Each structure stands twice: as C-alpha cells, then as structure tokens.
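Chemist: Sending over a structure as structure tokens; questions will come in a sec.
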Amino acid sequence: MNFQQLRSVREAVRCNFNLTDVASALHTSQPGVSRQIRELEEELGIELFVRAGKRLTGLTEPGAHVLPIVERLLLESCNLKKAGQEFMAQQNGLLSIAATHSQARYALPPAVQEFRSQFPQVKLHLHQGSPKQVADMLLSGEVDVAIATEALSDYPELVALPCYRWTHSVIAPPGHPLLDGPLTLESLARYPLITYDTGFTGRTHIDEAFSQHALAPNIVLTAMDADVIKTYVALGMGVGIVASIAFEAERDTALRALDAGALFGINLTKLAVRRGSYLRSYVYAFIESFAPTLSREIVEKTRREEPGGVFYAI
C-alpha cells in the first residue's frame with residue numbers, strides 16, 4: 001500500500017470518477033491510475049468502485065466505508081510534513097487565506113498588516129471567491145484559513161468559528177428623499193435597489209426581511225462587492241444596501257448612509273479551518289490578529305470537538 005494508490009482513490013471521487021481528469025490532477029497516465037486503484041483493491045481484498053466496462057461509475061458499499069479512512073490517512077501525511085516544517089523553520093513558510101471580497105477588502109487589512117509585522121518572512125497568499133468557492137478551497141487543502149459570512153458552517157469537515165457581528169447600511173446620494181424620513185422596509189421597497197448577489201454578504205437576511213413583510217423589492221442590479229454597488233448608487237441608478245463595514249464617510253463623500261440593522265438583523269462572519277488539519281504557530285497568530293477572541297487554546301479545543309458540537313460563541 002502506498003500514498004499514490006490512496007491519492008488515486010481520493011481523486012477518482014473528487015473528479016466524479018473520470019479517470020482522464022484524475023490522471024491530469026495527479027500528473028500521471030490513465031492506465032497508471034487504473035493500476036494503482038486495482039493494486040489497492042487487490043491488497044484490501046475488496047472492490048472500491050462500481051464499474052461499467054473500464055469506466056468507474058461510483059463507489060461500492062465497501063468503497064464508501066473506506067473513503068473516509070483514505071481521506072484521514074492523506075490528511076495525516078500532510079500534517080506530518082507540516083509538523084516537520086514547523087520545527088525546521090519557525091518563522092518561515094506560507095500562509096494561504098481564502099476570503100470573500102468584502103472580508104478581503106474591508107475586514108482583513110488590519111490583521112494582515114499586524115501579521116506581516118510579526119512574521120515578515122512568512123509569505124501570504126490571498127484568494128478571493130464566493131462563499132462556496134472559499135469553502136471549497138479550504139476543503140481541498142488549497143488554503144489554510146477561510147473567512148466568509150455564508151457557507152462555512154455547512155460542512156462537517158470544517159470548523160467554523162465566529163469572529164464578529166455586523167449589520168447592513170442603506171446608502172444613497174446626498175439629498176435623496178429616503179434620507180429624510182424614518183427608514184422602513186416599505187419606504188425602501190418604493191425605490192430601485194442595488195445590493196449583493198444571492199449568497200453573498202448577508203443577502204439571505206435582506207430577502208427574508210422583505211418576504212416576511214410580504215414586500216417585493218425592486219432589485220435592479222446586483223454585484224459581488226460593495227465597491228461596484230457604491231459606484232452605481234453614486235450614478236443615481238438606485239438605493240444601495242451594503243455591509244456597514246464597506247461604507248467610510250471620509251472616503252465615500254458622494255454618498256450618505258443609514259444603519260439598517262433594525263431591518264435586516266445581525267450577520268456573523270466566521271473563520272474556518274479544516275477539522276484535523278495541522279496548523280503552524282503563525283496560523284494561530286494570524287487567527288488571533290483577525291479575531292482577538294479566538295486564542296490558540298479556543299481554536300484547538302474547538303477543532304477537537306465532534307462535528308455538530310458547539311461550545312463557543314460570541
């Protein structure tokens with residue numbers, strides 16, 4: 001039994017049983033992948049995959065039982081390498097972070113700046129994507145840490161920790177009539193609205209608020225990030241709904257903002273790591289820079305909890 005056999009099994013599942021894609025992912029040949037899988041099946045004495053001719057079409061019942069063990073073995077082999085690197089280079093290495101645009105643009109800079117001053121020899125890679133893309137990058141091992149408001153709590157393989165609460169703001173150009181009266185869902189529904197795409201930055205809370213009051217908002221434009229929303233609001237295309245952290249009065253002089261927390265509720269940004277993964281010391285340091293309440297002790301304790309167990313909240 002060897003790690004290449006285990007990787008072949010794992011990638012076969014990840015690539016939806018397409019051996020051509022598996023071979024590409026592992027930088028080998030398709031016959032080589034087939035041989036690795038067959039050799040492992042012969043050693044274990046079971047068939048891991050359902051076959052139609054030479055094609056793989058799914059996992060057998062024994063294969064579904066074995067797959068989590070394969071995943072754990074490969075994760076621990078990665079942890080072993082990281083543990084060795086930890087002691088070889090305490091202040092050197094790479095930290096990869098995946099975050100949504102709002103987090104990368106508005107929430108992360110202070111933490112990144114503090115981290116760089118503490119660990120100048122550690123290289124930082126920052127990846128951006130939708131909440132699901134951010135979660136997928138963490139699940140695949142492409143990044144060490146993921147930060148988003150949505151999606152991260154949906155995966156039992158991830159440990160999602162609460163970082164900070166935030167609300168939405170309604171933004172409009174100076175002189176807009178909405179700025180004069182009390183802010184209500186009914187008054188908002190009378191104007192064209194510009195806000196986040198579905199699945200981004202608390203959009204679910206926005207939709208739920210209007211739905212609960214039997215209102216149909218006129219959403220004329222959606223975007224993934226607040227900078228785009230603010231641009232079109234400033235052009236007079238509609239009223240914007242953005243994360244409060246995305247509005248800065250000193251910079252956004254062409255706009256005015258009203259707090260909308262009472263309308264759309266409170267959102268919770270989370271930071272996630274893979275359950276069971278090895279985290280180097282500087283990863284814990286970054287986490288605490290971003291969310292001071294998340295000490296190394298708290299993170300380690302939470303990572304040892306079984307999926308579904310909740311003991312920490314803010």
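By convention here, the chains of the structure tokens are called A, B, ... in the order presented, each chain's residues are numbered starting at 1, and ligands are numbered starting at 1 in the order presented.
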If you run DSSP on the backbone here, which positions in region 12-164 of chain A get strand (DSSP E or B)? Please write them as number ranges by chain.
Modeler: A: 49-52, 55-59, 93-99, 122-128, 145-148, 158-164
Chemist: Could you give me the residues within region 18-234 of chain A that DSSP places in helix (DSSP H, G or I), as number ranges by chain?
Modeler: A: 19-26, 30-44, 61-88, 101-118, 131-139, 152-154, 177-179, 185-189, 203-212, 226-234
Chemist: Fewer than 5 positions away in the same chain doesn't count, so skip those; otherwise give me all residues within 6 Å of region 111-122 of chain A, counting only C-alpha atoms, as a count of residues only.
Modeler: 6
Chemist: Any chance you could tabulate, as CSV, the residues of region 59-159 of chain A at most 10 Å from region 239-261 of chain A with each one's nearest atom pair and distance in Å to one decimal, using only C-alpha atoms, in chain and rising number order?
Modeler:
residue,atom,partner,partner_atom,distance
A:Ser102,CA,A:Ala246,CA,7.2
A:Gln103,CA,A:Ile245,CA,9.3
A:Arg105,CA,A:Ala246,CA,8.3
A:Tyr106,CA,A:Ala246,CA,6.2
A:Ala107,CA,A:Ile245,CA,7.6
Chemist: Write to file, as a short mmCIF file (atom, residue, chain, number, x, y, z; two decimals), in the first residue's frame, the residues of the selection just made, with all heavy atoms.
Modeler:
data_model
loop_
_atom_site.label_atom_id
_atom_site.label_comp_id
_atom_site.auth_asym_id
_atom_site.auth_seq_id
_atom_site.Cartn_x
_atom_site.Cartn_y
_atom_site.Cartn_z
N SER A 102 -15.76 41.24 0.38
CA SER A 102 -16.00 42.18 1.47
C SER A 102 -15.00 41.97 2.61
O SER A 102 -14.49 42.94 3.20
CB SER A 102 -17.43 42.03 1.99
OG SER A 102 -18.36 42.45 1.02
N GLN A 103 -14.72 40.71 2.93
CA GLN A 103 -13.76 40.43 4.00
C GLN A 103 -12.35 40.84 3.58
O GLN A 103 -11.61 41.47 4.36
CB GLN A 103 -13.79 38.94 4.36
CG GLN A 103 -15.15 38.42 4.78
CD GLN A 103 -15.71 39.16 5.98
OE1 GLN A 103 -14.99 39.57 6.87
NE2 GLN A 103 -17.03 39.34 5.99
N ARG A 105 -11.42 43.03 1.37
CA ARG A 105 -11.27 44.47 1.12
C ARG A 105 -11.38 45.31 2.40
O ARG A 105 -10.66 46.28 2.58
CB ARG A 105 -12.34 44.91 0.10
CG ARG A 105 -12.46 46.41 -0.10
CD ARG A 105 -11.20 47.00 -0.74
NE ARG A 105 -11.35 48.44 -0.93
CZ ARG A 105 -11.11 49.34 0.01
NH1 ARG A 105 -10.73 48.96 1.22
NH2 ARG A 105 -11.26 50.63 -0.25
N TYR A 106 -12.30 44.92 3.30
CA TYR A 106 -12.60 45.80 4.42
C TYR A 106 -12.20 45.25 5.79
O TYR A 106 -11.87 46.02 6.69
CB TYR A 106 -14.10 46.13 4.44
CG TYR A 106 -14.55 46.83 3.19
CD1 TYR A 106 -15.30 46.16 2.23
CD2 TYR A 106 -14.21 48.15 2.95
CE1 TYR A 106 -15.71 46.80 1.07
CE2 TYR A 106 -14.62 48.80 1.78
CZ TYR A 106 -15.37 48.11 0.86
OH TYR A 106 -15.76 48.74 -0.30
N ALA A 107 -12.27 43.94 5.99
CA ALA A 107 -12.01 43.38 7.32
C ALA A 107 -10.58 42.88 7.51
O ALA A 107 -10.03 42.97 8.60
CB ALA A 107 -12.99 42.24 7.60
#
Chemist: Separation of CA of Arg274 (chain A) and CA of Arg7 (chain A), in Å?
Modeler: 18.3 Å
Chemist: Have a look at A:Pro68, A:Pro110, A:Gly265, A:Pro62 and name the one nearest to Phe210 (chain A); count only C-alpha atoms.
Modeler: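 Between A:Pro68, A:Pro110, A:Gly265, A:Pro62, the residue approaching Phe210 (chain A) most closely is A:Gly265.
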Chemist: Do you know which residues are at most 12 Å from Gly141 (chain A) counting only C-alpha atoms, after dropping those on the same chain fewer than 4 positions away, and could you put them as an MDAnalysis selection string?
Modeler: chainID A and resid 71 74:75 78:79 95:98 134:137 145:146 157:158 273:279
Chemist: With distances taken over only C-alpha atoms, which of A:Val233, A:Leu26, A:Met1, A:Val13 is nearest to Tyr191 (chain A)?
Modeler: A:Val233
Chemist: Using only C-alpha atoms, pick whichever of A:Ala189, A:Leu152, A:Leu178, A:Ala285 has the shortest atom-to-atom distance to Ala99 (chain A).
Modeler: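 Closest to Ala99 (chain A) of all the choices is A:Leu152.
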Chemist: Counting only C-alpha atoms, what is within 10 Å of Asp21 (chain A), bar same-chain residues fewer than 6 positions away, as a ChimeraX atom specification?
Modeler: /A:11-12,14-15,27,29-30
Chemist: Just give me the gap between CA of Ala151 (chain A) and CA of Thr231 (chain A) in Å, one decimal is fine.
Modeler: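 Pair CA of Ala151 (chain A) / CA of Thr231 (chain A) returns 27.1 Å.
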Chemist: Considering only C-alpha atoms, return as a ChimeraX atom specification whatever protein or nucleic-acid residues lie within 9 Å of Phe264 (chain A), sequence-local ones (same chain, fewer than 2 positions apart) excluded.
Modeler: /A:167-168,202,205-210,260-262,266-267
Chemist: How many Å separate CA of Arg38 (chain A) from CA of Leu80 (chain A)?
Modeler: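 Interatomic distance here is 26.9 Å.
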Chemist: Could you check which of A:Arg72, A:Tyr196, A:Ala272, A:Leu6 is closest to Asp154 (chain A), using only C-alpha atoms?
Modeler: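 Nearest candidate to Asp154 (chain A) out of A:Arg72, A:Tyr196, A:Ala272, A:Leu6: A:Ala272.
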Chemist: Which residues, written as a tab-separated table (two decimals) with C-alpha atoms, in the first residue's frame, have at least one atom at most 12 Å from Ile46 (chain A), with only C-alpha atoms counted and residues fewer than 6 positions away on the same chain left out?
Modeler:
chain	number	residue	atom	x	y	z
A	37	ILE	CA	-6.60	1.53	-7.86
A	38	ARG	CA	-6.57	-2.17	-8.86
A	39	GLU	CA	-3.46	-2.87	-6.78
A	40	LEU	CA	-5.03	-1.30	-3.71
A	59	LEU	CA	-18.35	3.77	-5.05
A	60	THR	CA	-19.27	0.30	-3.82
A	61	GLU	CA	-20.55	-0.07	-0.26
A	62	PRO	CA	-17.07	-1.10	0.97
A	63	GLY	CA	-15.61	1.80	-1.03
A	64	ALA	CA	-17.89	4.30	0.71
A	65	HIS	CA	-16.74	2.87	4.06
A	66	VAL	CA	-13.04	3.04	3.13
Chemist: I need the residue nearest Lys123 (chain A) from this list: A:Leu235, A:Val220, A:Ile147, A:Val283. Use only C-alpha atoms for the distance.
Modeler: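 The closest residue to Lys123 (chain A) is A:Val283.
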Chemist: From the set A:Ala172, A:Phe200, A:Leu44, A:Leu268, which residue has the shortest atom-to-atom contact distance to Ser153 (chain A), counting only C-alpha atoms?
Modeler: A:Leu268
